[in-house]
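Listing of coords_18.cif; format and content: mmCIF, C-alpha atoms.
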data_work
loop_
_atom_site.label_atom_id
_atom_site.label_comp_id
_atom_site.auth_asym_id
_atom_site.auth_seq_id
_atom_site.Cartn_x
_atom_site.Cartn_y
_atom_site.Cartn_z
CA MET C 261 -20.45 1.42 38.87
CA ALA C 262 -21.12 2.79 35.35
CA ASP C 263 -19.09 1.33 32.50
CA PRO C 264 -17.02 4.24 31.02
CA VAL C 265 -16.71 2.50 27.65
CA LYS C 266 -20.46 1.88 27.43
CA GLY C 267 -20.96 5.50 28.46
CA GLU C 268 -18.87 6.75 25.56
CA PHE C 269 -21.03 4.91 23.01
CA ALA C 270 -24.18 6.21 24.72
CA ARG C 271 -22.89 9.79 24.55
CA ARG C 272 -22.28 9.42 20.82
CA ARG C 273 -25.80 8.12 20.23
CA THR C 274 -27.24 10.97 22.30
CA GLN C 275 -25.22 13.54 20.34
CA LEU C 276 -26.29 12.08 17.00
CA MET C 277 -29.96 11.98 17.99
CA ARG C 278 -29.74 15.60 19.14
CA LEU C 279 -28.39 16.53 15.70
CA MET C 280 -31.08 14.49 13.94
CA GLY C 281 -33.95 16.05 15.86
CA SER C 282 -37.36 14.58 16.53
CA ASP C 283 -39.55 13.05 13.84
CA SER C 284 -36.54 11.18 12.40
CA ILE C 285 -34.99 7.71 12.39
CA ALA C 286 -31.44 6.47 11.72
CA ILE C 287 -30.73 2.98 10.39
CA LEU C 288 -27.23 1.43 10.39
CA PRO C 289 -26.50 -2.13 9.23
CA ALA C 290 -23.48 -4.03 10.50
CA ALA C 291 -20.76 -4.97 8.02
CA PRO C 292 -21.51 -8.21 6.19
CA PRO C 293 -18.94 -11.03 6.33
CA ARG C 294 -16.62 -10.97 3.31
CA GLN C 295 -15.62 -14.04 1.31
CA ARG C 296 -11.89 -14.51 0.72
CA ASN C 297 -12.12 -17.59 -1.48
CA ASN C 298 -14.40 -20.61 -1.79
CA ASP C 299 -15.82 -21.18 1.73
CA VAL C 300 -13.16 -19.15 3.57
CA GLU C 301 -14.08 -15.75 4.98
CA TYR C 302 -11.84 -12.81 5.79
CA ASN C 303 -11.41 -12.13 9.50
CA TYR C 304 -14.53 -10.18 10.46
CA ARG C 305 -14.17 -6.46 11.08
CA GLN C 306 -17.20 -4.40 12.04
CA ASP C 307 -18.26 -1.34 10.03
CA SER C 308 -16.64 1.71 11.66
CA ASP C 309 -19.83 3.83 11.77
CA PHE C 310 -21.82 0.96 13.28
CA TYR C 311 -19.18 0.23 15.90
CA TYR C 312 -18.73 3.93 16.71
CA LEU C 313 -22.34 4.09 17.89
CA THR C 314 -22.83 0.59 19.31
CA GLY C 315 -19.54 -0.99 20.40
CA PHE C 316 -21.04 -4.23 19.02
CA ASN C 317 -18.84 -6.38 16.79
CA GLU C 318 -21.12 -9.17 15.53
CA PRO C 319 -22.34 -9.44 11.92
CA GLU C 320 -26.00 -9.69 10.89
CA ALA C 321 -27.09 -6.78 13.04
CA VAL C 322 -28.95 -3.50 12.48
CA ALA C 323 -28.97 -0.48 14.81
CA VAL C 324 -31.96 1.89 14.85
CA LEU C 325 -32.07 5.29 16.57
CA ILE C 326 -35.42 7.07 17.02
CA PRO C 327 -35.00 10.37 18.91
CA GLY C 328 -37.81 11.10 21.36
CA ARG C 329 -39.50 7.72 21.06
CA ALA C 330 -41.12 7.08 24.42
CA VAL C 331 -40.71 3.29 24.46
CA ALA C 332 -37.14 2.88 23.21
CA GLU C 333 -34.88 5.35 21.39
CA TYR C 334 -32.13 2.77 20.67
CA VAL C 335 -33.10 -0.57 19.17
CA LEU C 336 -30.81 -3.38 17.99
CA PHE C 337 -31.69 -6.28 15.71
CA VAL C 338 -29.21 -9.14 16.25
CA ARG C 339 -28.76 -12.87 15.77
CA GLU C 340 -30.50 -15.07 18.30
CA ARG C 341 -28.50 -17.34 20.58
CA ASN C 342 -27.92 -20.69 18.86
CA ARG C 343 -26.05 -23.40 20.73
CA GLU C 344 -25.10 -25.36 17.61
CA ARG C 345 -23.75 -22.34 15.69
CA GLU C 346 -21.96 -21.05 18.80
CA ILE C 347 -20.04 -24.33 19.03
CA TRP C 348 -18.64 -23.59 15.57
CA ASP C 349 -18.39 -19.79 15.48
CA GLY C 350 -18.30 -18.57 19.07
CA GLN C 351 -20.74 -17.03 21.50
CA ARG C 352 -23.45 -14.61 20.40
CA ALA C 353 -24.89 -11.86 22.57
CA GLY C 354 -28.48 -12.39 21.47
CA PRO C 355 -31.28 -9.86 22.01
CA ALA C 356 -31.13 -10.13 25.81
CA GLY C 357 -27.35 -9.79 25.79
CA VAL C 358 -27.28 -6.54 23.79
CA VAL C 359 -29.78 -4.95 26.17
CA LYS C 360 -27.73 -6.08 29.18
CA ASP C 361 -24.20 -5.47 27.88
CA TYR C 362 -24.45 -2.98 25.00
CA GLY C 363 -26.97 -0.43 26.24
CA ALA C 364 -29.82 -1.15 23.81
CA ASP C 365 -33.22 0.01 25.04
CA ASP C 366 -34.84 -2.88 23.23
CA ALA C 367 -33.69 -5.68 20.93
CA PHE C 368 -35.21 -8.18 18.51
CA PRO C 369 -34.04 -11.15 16.45
CA ILE C 370 -32.65 -10.04 13.08
CA THR C 371 -35.04 -12.49 11.41
CA ASP C 372 -37.97 -10.33 12.59
CA ILE C 373 -36.73 -7.07 11.07
CA ASP C 374 -39.05 -7.09 8.04
CA GLU C 375 -42.08 -7.27 10.35
CA ILE C 376 -40.91 -4.73 12.94
CA LEU C 377 -38.87 -2.04 11.16
CA PRO C 378 -41.65 -0.69 8.89
CA GLY C 379 -43.62 0.07 12.05
CA LEU C 380 -40.66 2.02 13.44
CA LEU C 381 -40.32 3.94 10.17
CA GLU C 382 -43.98 4.96 10.17
CA LYS C 383 -44.66 8.51 11.42
CA CYS C 384 -40.95 9.45 11.01
CA SER C 385 -40.62 12.09 8.30
CA ARG C 386 -36.84 11.77 7.82
CA VAL C 387 -34.72 8.64 7.38
CA TYR C 388 -31.02 9.05 8.14
CA TYR C 389 -29.22 6.37 6.18
CA THR C 390 -25.98 5.94 4.20
CA MET C 391 -26.80 4.81 0.67
CA GLY C 392 -24.36 2.97 -1.58
CA LEU C 393 -22.31 0.95 0.91
CA ASN C 394 -24.52 -2.12 1.01
CA GLN C 395 -26.70 -2.33 -2.09
CA GLU C 396 -28.66 -5.35 -0.86
CA PHE C 397 -29.61 -3.55 2.35
CA ASP C 398 -30.29 -0.32 0.40
CA GLN C 399 -33.02 -2.19 -1.49
CA ARG C 400 -34.55 -3.44 1.75
CA VAL C 401 -34.70 0.07 3.25
CA VAL C 402 -36.26 1.50 0.09
CA GLY C 403 -38.65 -1.44 0.00
CA TRP C 404 -39.83 -0.77 3.58
CA VAL C 405 -40.45 2.90 2.76
CA ASN C 406 -42.24 2.08 -0.51
CA THR C 407 -44.47 -0.42 1.30
CA LEU C 408 -45.54 2.36 3.68
CA ARG C 409 -46.11 4.75 0.78
CA ALA C 410 -48.37 2.21 -0.89
CA GLN C 411 -50.41 2.13 2.32
CA ALA C 412 -50.73 5.92 2.57
CA ARG C 413 -54.38 5.85 1.44
CA SER C 414 -55.07 3.45 4.29
CA GLY C 415 -53.73 5.97 6.81
CA ALA C 416 -50.03 5.07 6.90
CA HIS C 417 -47.55 7.93 7.37
CA PRO C 418 -44.41 7.09 5.34
CA PRO C 419 -41.14 9.06 5.59
CA GLN C 420 -40.89 11.96 3.16
CA GLU C 421 -37.13 12.46 3.03
CA PHE C 422 -33.85 10.53 3.03
CA VAL C 423 -30.90 12.31 4.70
CA ALA C 424 -27.25 11.25 4.29
CA LEU C 425 -26.35 9.83 7.71
CA ASP C 426 -22.65 9.74 6.89
CA HIS C 427 -22.56 13.53 6.42
CA VAL C 428 -23.62 14.07 10.04
CA LEU C 429 -21.87 11.08 11.60
CA HIS C 430 -18.53 11.58 9.89
CA ASP C 431 -18.28 15.13 11.13
CA MET C 432 -18.75 13.72 14.66
CA ARG C 433 -16.02 11.14 14.08
CA LEU C 434 -13.60 13.82 12.91
CA PHE C 435 -13.32 15.15 16.48
CA LYS C 436 -11.72 12.63 18.82
CA SER C 437 -12.72 12.38 22.47
CA ARG C 438 -10.27 11.92 25.33
CA GLY C 439 -11.04 8.19 25.30
CA GLU C 440 -10.45 7.90 21.58
CA LEU C 441 -7.13 9.74 21.81
CA SER C 442 -6.04 7.37 24.56
CA LEU C 443 -6.63 4.44 22.21
CA MET C 444 -4.82 6.24 19.37
CA ARG C 445 -1.81 6.87 21.61
CA ARG C 446 -1.73 3.18 22.48
CA SER C 447 -2.03 2.22 18.82
CA GLY C 448 0.78 4.64 17.97
CA ALA C 449 3.01 3.33 20.75
CA ILE C 450 2.57 -0.28 19.61
CA ALA C 451 3.33 0.65 16.00
CA ALA C 452 6.37 2.70 17.04
CA GLY C 453 7.71 -0.28 18.96
CA ALA C 454 7.22 -2.45 15.88
CA HIS C 455 9.25 -0.02 13.76
CA VAL C 456 12.06 -0.04 16.32
CA ARG C 457 12.02 -3.84 16.24
CA ALA C 458 12.18 -3.81 12.43
CA MET C 459 15.16 -1.42 12.44
CA ARG C 460 17.04 -3.69 14.84
CA PHE C 461 16.23 -6.74 12.73
CA CYS C 462 17.16 -5.25 9.35
CA ARG C 463 20.34 -6.68 7.77
CA PRO C 464 21.66 -7.16 4.23
CA GLY C 465 20.51 -10.50 2.87
CA ARG C 466 17.24 -10.62 4.78
CA MET C 467 13.94 -10.58 2.94
CA GLU C 468 11.32 -7.86 2.94
CA TYR C 469 8.73 -10.33 4.20
CA GLU C 470 10.97 -11.21 7.15
CA VAL C 471 10.91 -7.55 8.21
CA MET C 472 7.13 -7.60 7.81
CA ALA C 473 6.98 -10.67 10.06
CA GLU C 474 8.77 -8.71 12.81
CA LEU C 475 6.19 -5.94 12.51
CA LEU C 476 3.25 -8.35 12.67
CA HIS C 477 4.74 -10.18 15.66
CA GLU C 478 5.03 -6.92 17.60
CA PHE C 479 1.49 -5.87 16.67
CA ASN C 480 -0.02 -9.22 17.65
CA ARG C 481 1.86 -9.62 20.92
CA HIS C 482 0.21 -6.38 22.09
CA GLY C 483 -3.30 -7.37 21.03
CA ALA C 484 -3.30 -5.31 17.82
CA ASP C 485 -3.71 -6.17 14.14
CA ILE C 486 -2.61 -4.42 10.96
CA SER C 487 -4.54 -1.28 10.03
CA TYR C 488 -3.49 -1.84 6.39
CA HIS C 489 -1.17 -4.18 4.52
CA PRO C 490 2.40 -3.08 5.38
CA ILE C 491 4.68 -1.61 2.73
CA VAL C 492 8.22 -2.97 3.12
CA GLY C 493 10.22 -1.81 0.12
CA GLY C 494 13.98 -1.98 -0.27
CA GLY C 495 16.05 -0.29 -2.98
CA ALA C 496 14.01 0.30 -6.14
CA ASN C 497 10.87 -0.80 -4.27
CA SER C 498 11.19 2.19 -1.94
CA CYS C 499 10.14 4.34 -4.91
CA VAL C 500 6.86 2.45 -5.44
CA LEU C 501 4.33 4.36 -3.33
CA HIS C 502 1.91 1.47 -2.74
CA TYR C 503 4.37 -1.43 -2.99
CA ARG C 504 2.77 -4.59 -1.60
CA ASP C 505 4.76 -7.64 -2.71
CA ASN C 506 7.28 -7.44 0.16
CA SER C 507 9.18 -10.31 -1.46
CA ALA C 508 12.63 -9.00 -2.44
CA ARG C 509 16.02 -9.51 -0.81
CA LEU C 510 17.52 -6.54 1.04
CA ASN C 511 20.89 -5.41 -0.27
CA ASP C 512 23.69 -3.52 1.43
CA GLY C 513 23.78 0.08 0.23
CA ASP C 514 20.00 0.29 -0.31
CA LEU C 515 17.38 2.13 1.69
CA LEU C 516 14.40 0.32 3.20
CA LEU C 517 11.07 2.19 3.37
CA VAL C 518 8.62 0.69 5.87
CA ASP C 519 5.07 2.06 5.99
CA ALA C 520 3.16 0.10 8.64
CA GLY C 521 0.56 0.79 11.28
CA CYS C 522 -1.65 -1.23 13.56
CA GLU C 523 -5.27 -1.18 14.69
CA TYR C 524 -5.84 -1.34 18.43
CA ASP C 525 -9.43 -1.61 19.69
CA TYR C 526 -10.69 -0.21 16.37
CA TYR C 527 -8.25 2.76 16.23
CA ALA C 528 -5.51 2.97 13.62
CA SER C 529 -1.93 4.18 13.60
CA ASP C 530 0.08 4.90 10.46
CA ILE C 531 3.88 5.31 10.58
CA THR C 532 6.54 5.39 7.88
CA ARG C 533 10.26 5.20 8.53
CA THR C 534 13.12 4.92 6.03
CA TYR C 535 16.57 3.62 6.95
CA PRO C 536 19.72 2.11 5.39
CA VAL C 537 19.76 -1.67 5.06
CA GLY C 538 23.46 -1.74 5.99
CA GLY C 539 23.02 0.57 8.96
CA ARG C 540 24.63 3.73 7.56
CA PHE C 541 23.28 6.31 5.10
CA SER C 542 25.33 7.18 2.04
CA SER C 543 25.96 10.90 1.55
CA GLU C 544 23.26 11.05 -1.16
CA GLN C 545 20.76 9.09 0.93
CA ARG C 546 21.35 11.32 3.95
CA ALA C 547 21.02 14.46 1.84
CA VAL C 548 17.61 13.37 0.52
CA TYR C 549 16.54 12.10 3.93
CA GLU C 550 17.33 15.40 5.64
CA VAL C 551 15.27 17.29 3.04
CA VAL C 552 12.25 15.10 3.81
CA LEU C 553 12.80 15.46 7.56
CA GLU C 554 12.95 19.25 7.22
CA ALA C 555 9.74 19.16 5.21
CA GLN C 556 7.99 17.06 7.84
CA ARG C 557 9.06 19.41 10.63
CA ALA C 558 7.83 22.40 8.62
CA ALA C 559 4.49 20.68 7.96
CA ILE C 560 3.96 19.63 11.58
CA ALA C 561 4.62 23.20 12.70
CA LYS C 562 1.60 24.28 10.63
CA VAL C 563 -0.78 21.86 12.35
CA LYS C 564 -2.51 24.11 14.87
CA PRO C 565 -5.94 25.61 15.50
CA GLY C 566 -6.87 28.31 13.01
CA ASN C 567 -4.61 27.05 10.22
CA SER C 568 -6.20 25.37 7.23
CA TRP C 569 -5.78 21.79 6.01
CA ASP C 570 -3.64 22.88 3.05
CA GLN C 571 -1.03 24.81 5.07
CA PRO C 572 1.04 21.77 6.17
CA HIS C 573 1.16 20.60 2.54
CA GLU C 574 2.21 24.04 1.32
CA ALA C 575 4.98 24.13 3.95
CA ALA C 576 6.18 20.66 2.91
CA VAL C 577 6.17 21.60 -0.79
CA ARG C 578 8.23 24.70 -0.09
CA ALA C 579 10.75 22.82 2.08
CA ILE C 580 11.10 19.95 -0.41
CA THR C 581 11.50 22.28 -3.39
CA GLN C 582 14.08 24.32 -1.51
CA GLY C 583 15.90 21.16 -0.44
CA LEU C 584 15.91 19.60 -3.91
CA LYS C 585 17.33 22.84 -5.21
CA ARG C 586 20.03 22.85 -2.51
CA ILE C 587 21.21 19.31 -3.33
CA GLY C 588 21.17 20.01 -7.05
CA LEU C 589 18.14 18.01 -8.22
CA LEU C 590 16.13 21.10 -9.23
CA LYS C 591 17.33 24.32 -10.81
CA GLY C 592 15.55 27.66 -11.01
CA SER C 593 13.90 30.20 -8.73
CA LEU C 594 12.01 28.81 -5.74
CA PRO C 595 8.70 30.58 -6.57
CA GLY C 596 8.94 29.49 -10.20
CA LEU C 597 9.67 25.86 -9.30
CA ILE C 598 6.72 25.77 -6.90
CA ARG C 599 4.41 27.49 -9.37
CA SER C 600 5.33 25.09 -12.18
CA GLY C 601 5.01 22.01 -9.95
CA ALA C 602 8.56 20.88 -10.74
CA TYR C 603 8.73 19.17 -7.32
CA LYS C 604 5.98 16.73 -8.42
CA ALA C 605 8.55 14.67 -10.32
CA PHE C 606 9.89 13.70 -6.87
CA PHE C 607 6.99 14.40 -4.47
CA MET C 608 3.72 13.38 -6.11
CA HIS C 609 1.30 12.89 -3.22
CA ARG C 610 -0.39 14.98 -0.55
CA THR C 611 1.23 15.45 2.85
CA GLY C 612 -1.37 13.67 4.98
CA HIS C 613 -4.89 12.40 5.63
CA TRP C 614 -7.35 12.19 8.51
CA LEU C 615 -6.73 9.31 10.93
CA GLY C 616 -8.99 7.50 13.38
CA MET C 617 -11.06 4.34 13.23
CA ASP C 618 -10.10 4.06 9.57
CA VAL C 619 -6.51 4.61 8.50
CA HIS C 620 -7.81 7.02 5.84
CA ASP C 621 -10.44 8.33 8.17
CA VAL C 622 -13.71 10.07 7.41
CA GLY C 623 -14.19 13.84 7.40
CA ASP C 624 -14.34 16.57 4.79
CA TYR C 625 -11.10 18.21 3.70
CA LYS C 626 -12.97 21.23 2.38
CA VAL C 627 -16.04 23.08 3.61
CA GLY C 628 -17.58 24.52 0.48
CA ASP C 629 -14.65 25.81 -1.59
CA GLU C 630 -12.40 26.48 1.42
CA TRP C 631 -9.90 24.12 3.02
CA ARG C 632 -11.04 22.93 6.44
CA VAL C 633 -9.65 24.81 9.44
CA PHE C 634 -7.90 22.76 12.13
CA GLU C 635 -9.67 22.45 15.49
CA PRO C 636 -8.66 20.61 18.69
CA GLY C 637 -9.38 16.88 18.58
CA MET C 638 -8.72 16.40 14.87
CA ALA C 639 -6.14 13.67 14.11
CA LEU C 640 -4.11 13.31 10.95
CA THR C 641 -0.90 12.00 9.44
CA VAL C 642 2.00 14.12 8.21
CA GLU C 643 3.98 12.24 5.55
CA PRO C 644 6.12 14.09 2.98
CA GLY C 645 8.40 12.06 0.75
CA ILE C 646 10.90 12.12 -2.09
CA TYR C 647 11.15 9.28 -4.63
CA ILE C 648 13.90 9.07 -7.23
CA ALA C 649 13.34 6.03 -9.41
CA ALA C 650 16.10 4.60 -11.60
CA GLY C 651 16.17 6.36 -14.94
CA THR C 652 14.92 9.71 -13.62
CA ARG C 653 16.08 12.23 -16.20
CA SER C 654 18.70 14.84 -15.34
CA VAL C 655 19.49 13.12 -12.04
CA SER C 656 22.84 11.52 -11.25
CA ARG C 657 22.79 7.73 -10.93
CA ARG C 658 24.07 8.18 -7.37
CA PHE C 659 20.55 9.30 -6.41
CA TRP C 660 18.65 6.56 -8.27
CA ASN C 661 16.46 4.19 -6.21
CA ILE C 662 16.39 6.51 -3.23
CA GLY C 663 12.85 6.61 -1.86
CA VAL C 664 12.30 8.37 1.45
CA ARG C 665 9.03 8.93 3.32
CA ILE C 666 8.69 9.96 6.97
CA GLU C 667 5.22 9.74 8.49
CA ASP C 668 3.85 10.44 11.95
CA ASP C 669 0.42 10.63 13.57
CA VAL C 670 -0.55 14.02 14.95
CA VAL C 671 -3.50 15.36 16.97
CA VAL C 672 -4.50 19.02 17.05
CA THR C 673 -4.43 20.49 20.57
CA ARG C 674 -5.62 23.84 21.95
CA SER C 675 -2.18 25.40 21.52
CA GLY C 676 -0.73 23.50 18.57
CA CYS C 677 -0.38 19.76 18.04
CA GLN C 678 1.02 16.61 19.61
CA VAL C 679 2.89 13.87 17.75
CA LEU C 680 1.60 10.47 18.88
CA THR C 681 4.34 8.37 17.27
CA ASP C 682 7.59 10.04 18.36
CA ASP C 683 8.86 6.80 19.93
CA ALA C 684 9.90 5.60 16.46
CA PRO C 685 13.31 7.25 15.83
CA LYS C 686 13.59 9.44 12.74
CA GLU C 687 16.76 11.50 13.26
CA PRO C 688 19.38 9.92 10.98
CA ASP C 689 21.99 9.73 13.75
CA GLN C 690 19.45 8.06 16.05
CA ILE C 691 18.62 5.49 13.39
CA GLU C 692 22.26 4.66 12.71
CA ALA C 693 23.00 4.34 16.43
CA LEU C 694 20.00 2.06 16.98
CA MET C 695 20.93 -0.19 14.07
CA ALA C 696 24.59 -0.33 15.13
CA ALA C 697 23.62 -1.43 18.64
CA ALA C 698 21.33 -4.23 17.44
#
Take the structure in this file and express it as structure tokens.
Amino acid sequence: MADPVKGEFARRRTQLMRLMGSDSIAILPAAPPRQRNNDVEYNYRQDSDFYYLTGFNEPEAVAVLIPGRAVAEYVLFVRERNREREIWDGQRAGPAGVVKDYGADDAFPITDIDEILPGLLEKCSRVYYTMGLNQEFDQRVVGWVNTLRAQARSGAHPPQEFVALDHVLHDMRLFKSRGELSLMRRSGAIAAGAHVRAMRFCRPGRMEYEVMAELLHEFNRHGADISYHPIVGGGANSCVLHYRDNSARLNDGDLLLVDAGCEYDYYASDITRTYPVGGRFSSEQRAVYEVVLEAQRAAIAKVKPGNSWDQPHEAAVRAITQGLKRIGLLKGSLPGLIRSGAYKAFFMHRTGHWLGMDVHDVGDYKVGDEWRVFEPGMALTVEPGIYIAAGTRSVSRRFWNIGVRIEDDVVVTRSGCQVLTDDAPKEPDQIEALMAAA
């Protein structure tokens, strides 16, 4: 029986090679290990582009695609099996293993790449490669090409053109397959469960890092890891957009903003929920919260085929400006306030980003000078917010240190969109009921 997962990677390689055309070659290096400190490495995570095409998660590897090559269109260079190193670091696939288990047509030891790859480059006029991500490997690729150019008088046929591989590949990654969306739903469900757990755990006197520990426990018990460092900010920290310390005590009467997602089988989720530490919103907190919730609903309604990327943001800006005016934090005509950008004192970021293998996923937001038009299979976040830091001028102290963001993961469908993270409650009454029952 065919392996459906292996088949998905093969389909991607076939699609890319069709886009490349004959007389071309694509070269993708694996992510190098990263040093944390001294002799300690960060937990290894494969480069998303490399994994997208190979499903192979070992370092020190290079994938090569050569459309139309009679002998082997897909070649992998990998580490050889090594019993001593495998005792320390775990099993390696080796060249035979990647042919058997990862669909490579042929494979060679990575130590032989300098001898073999120039021969694969010869007679290919175009090299598809992403420059600038790995400067050491960039120099090797340029060196192989220059070596062939120096041999041109001896009959060598060096490549004549470099083409940005990421431009082609990232447009492929922007459109999620059925299999990818299944993984994203699972990632979203795990993250939603973690947010529910955090809401139930939250109490005055607990620490931000204790809430983070609940999130991480829920991620890990379902075989997932963080997709980014969680933001767990109570009180004044809820107004710091990229707060990372997660070290303060939670106080009764404050809001807690939790922005946390997980990565499941290389696919990310990204959820933000905001709730009262003591279990009940104050009137000011609820007023601000409901403005943000209205803005998120308005933005999500604009995520559908044929609409442009900017339309959800425009809808959120309008709803937030209208809401801030209604609760007395902005004064003036709605068109004038939007035109002047008065809302930016409270809402200073965009309403979302692409989502997929990377939490801020690849894909152009504009095509030429025009915002990208939504098409089925695109996945994104929708995350409006309002942040009122202490000392904000012309704002009553009753509103100070209220930071609210509500974020969900959304996929464009044929008729509109689907929210992948609805299992995390966001209606204020739902939140209060959940926290009261904990």
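Of the listed residues (C:Arg352, C:Arg294, C:Arg272, C:His489), C:Arg272 comes nearest to Tyr312 of chain C; the distances count all atoms listed in the file.
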So for segment 506-516 of chain C, what box centre and size do we get, axis-aligned, 4 Å extra on each of the six sides, every listed atom, Å to one decimal, as AutoDock Vina command-line options?
--center_x 15.5 --center_y -4.1 --center_z 0.4 --size_x 24.5 --size_y 20.4 --size_z 13.6
Any chance you could resolve the PyMOL selection byres ((chain C and resi 579) around 10) against this file and give the residues as a PyMOL selection string? chain C and resi 551-559+573-578+580-585+594+644
For the residues selected in the previous step, produce a file with C-alpha atoms as a PDB file, in the coordinates of the input.
ATOM      1  CA  VAL C 551      15.270  17.290   3.040  1.00  0.00           C
ATOM      2  CA  VAL C 552      12.250  15.100   3.810  1.00  0.00           C
ATOM      3  CA  LEU C 553      12.800  15.460   7.560  1.00  0.00           C
ATOM      4  CA  GLU C 554      12.950  19.250   7.220  1.00  0.00           C
ATOM      5  CA  ALA C 555       9.740  19.160   5.210  1.00  0.00           C
ATOM      6  CA  GLN C 556       7.990  17.060   7.840  1.00  0.00           C
ATOM      7  CA  ARG C 557       9.060  19.410  10.630  1.00  0.00           C
ATOM      8  CA  ALA C 558       7.830  22.400   8.620  1.00  0.00           C
ATOM      9  CA  ALA C 559       4.490  20.680   7.960  1.00  0.00           C
ATOM     10  CA  HIS C 573       1.160  20.600   2.540  1.00  0.00           C
ATOM     11  CA  GLU C 574       2.210  24.040   1.320  1.00  0.00           C
ATOM     12  CA  ALA C 575       4.980  24.130   3.950  1.00  0.00           C
ATOM     13  CA  ALA C 576       6.180  20.660   2.910  1.00  0.00           C
ATOM     14  CA  VAL C 577       6.170  21.600  -0.790  1.00  0.00           C
ATOM     15  CA  ARG C 578       8.230  24.700  -0.090  1.00  0.00           C
ATOM     16  CA  ILE C 580      11.100  19.950  -0.410  1.00  0.00           C
ATOM     17  CA  THR C 581      11.500  22.280  -3.390  1.00  0.00           C
ATOM     18  CA  GLN C 582      14.080  24.320  -1.510  1.00  0.00           C
ATOM     19  CA  GLY C 583      15.900  21.160  -0.440  1.00  0.00           C
ATOM     20  CA  LEU C 584      15.910  19.600  -3.910  1.00  0.00           C
ATOM     21  CA  LYS C 585      17.330  22.840  -5.210  1.00  0.00           C
ATOM     22  CA  LEU C 594      12.010  28.810  -5.740  1.00  0.00           C
ATOM     23  CA  PRO C 644       6.120  14.090   2.980  1.00  0.00           C
TER      24      PRO C 644
END
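Atom CA of Thr534 of chain C lies 21.7 Å from atom CA of Asp485 of chain C.
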Expand the PyMOL selection byres ((chain C and resi 374-384) around 10) into the individual residues it matches in the shown file, reporting them as a ChimeraX atom specification.
/C:282-287,324-327,329,335,337,368,370-373,385-387,400-401,403-409,416-421
Written selection (C-alpha atoms) as a PDB file, in the coordinates of the input:
ATOM      1  CA  SER C 282     -37.360  14.580  16.530  1.00  0.00           C
ATOM      2  CA  ASP C 283     -39.550  13.050  13.840  1.00  0.00           C
ATOM      3  CA  SER C 284     -36.540  11.180  12.400  1.00  0.00           C
ATOM      4  CA  ILE C 285     -34.990   7.710  12.390  1.00  0.00           C
ATOM      5  CA  ALA C 286     -31.440   6.470  11.720  1.00  0.00           C
ATOM      6  CA  ILE C 287     -30.730   2.980  10.390  1.00  0.00           C
ATOM      7  CA  VAL C 324     -31.960   1.890  14.850  1.00  0.00           C
ATOM      8  CA  LEU C 325     -32.070   5.290  16.570  1.00  0.00           C
ATOM      9  CA  ILE C 326     -35.420   7.070  17.020  1.00  0.00           C
ATOM     10  CA  PRO C 327     -35.000  10.370  18.910  1.00  0.00           C
ATOM     11  CA  ARG C 329     -39.500   7.720  21.060  1.00  0.00           C
ATOM     12  CA  VAL C 335     -33.100  -0.570  19.170  1.00  0.00           C
ATOM     13  CA  PHE C 337     -31.690  -6.280  15.710  1.00  0.00           C
ATOM     14  CA  PHE C 368     -35.210  -8.180  18.510  1.00  0.00           C
ATOM     15  CA  ILE C 370     -32.650 -10.040  13.080  1.00  0.00           C
ATOM     16  CA  THR C 371     -35.040 -12.490  11.410  1.00  0.00           C
ATOM     17  CA  ASP C 372     -37.970 -10.330  12.590  1.00  0.00           C
ATOM     18  CA  ILE C 373     -36.730  -7.070  11.070  1.00  0.00           C
ATOM     19  CA  SER C 385     -40.620  12.090   8.300  1.00  0.00           C
ATOM     20  CA  ARG C 386     -36.840  11.770   7.820  1.00  0.00           C
ATOM     21  CA  VAL C 387     -34.720   8.640   7.380  1.00  0.00           C
ATOM     22  CA  ARG C 400     -34.550  -3.440   1.750  1.00  0.00           C
ATOM     23  CA  VAL C 401     -34.700   0.070   3.250  1.00  0.00           C
ATOM     24  CA  GLY C 403     -38.650  -1.440   0.000  1.00  0.00           C
ATOM     25  CA  TRP C 404     -39.830  -0.770   3.580  1.00  0.00           C
ATOM     26  CA  VAL C 405     -40.450   2.900   2.760  1.00  0.00           C
ATOM     27  CA  ASN C 406     -42.240   2.080  -0.510  1.00  0.00           C
ATOM     28  CA  THR C 407     -44.470  -0.420   1.300  1.00  0.00           C
ATOM     29  CA  LEU C 408     -45.540   2.360   3.680  1.00  0.00           C
ATOM     30  CA  ARG C 409     -46.110   4.750   0.780  1.00  0.00           C
ATOM     31  CA  ALA C 416     -50.030   5.070   6.900  1.00  0.00           C
ATOM     32  CA  HIS C 417     -47.550   7.930   7.370  1.00  0.00           C
ATOM     33  CA  PRO C 418     -44.410   7.090   5.340  1.00  0.00           C
ATOM     34  CA  PRO C 419     -41.140   9.060   5.590  1.00  0.00           C
ATOM     35  CA  GLN C 420     -40.890  11.960   3.160  1.00  0.00           C
ATOM     36  CA  GLU C 421     -37.130  12.460   3.030  1.00  0.00           C
TER      37      GLU C 421
END
> Quick one: residues within 7 Å of segment 425-432 of chain C, all atoms listed in the file counted, chain neighbours fewer than 6 positions away excluded, as number ranges by chain?
Replying inline: C: 388-390, 622-623
Expressed in Å, the length from atom CA of Asp682 of chain C to atom CA of Ser442 of chain C is 15.2 Å
If the PyMOL selection byres ((chain C and resi 665) around 7) were run on this exact file, what residues would it hold? Put them as an MDAnalysis selection string. chainID C and resid 532:534 552 643:646 663:664 666:667
- Query: Ala508 of chain C: which residues within 12 Å, counting only C-alpha atoms, same-chain residues fewer than 4 positions away excluded, as number ranges by chain?
  - Reply: C: 464-472, 492-498, 503-504, 516
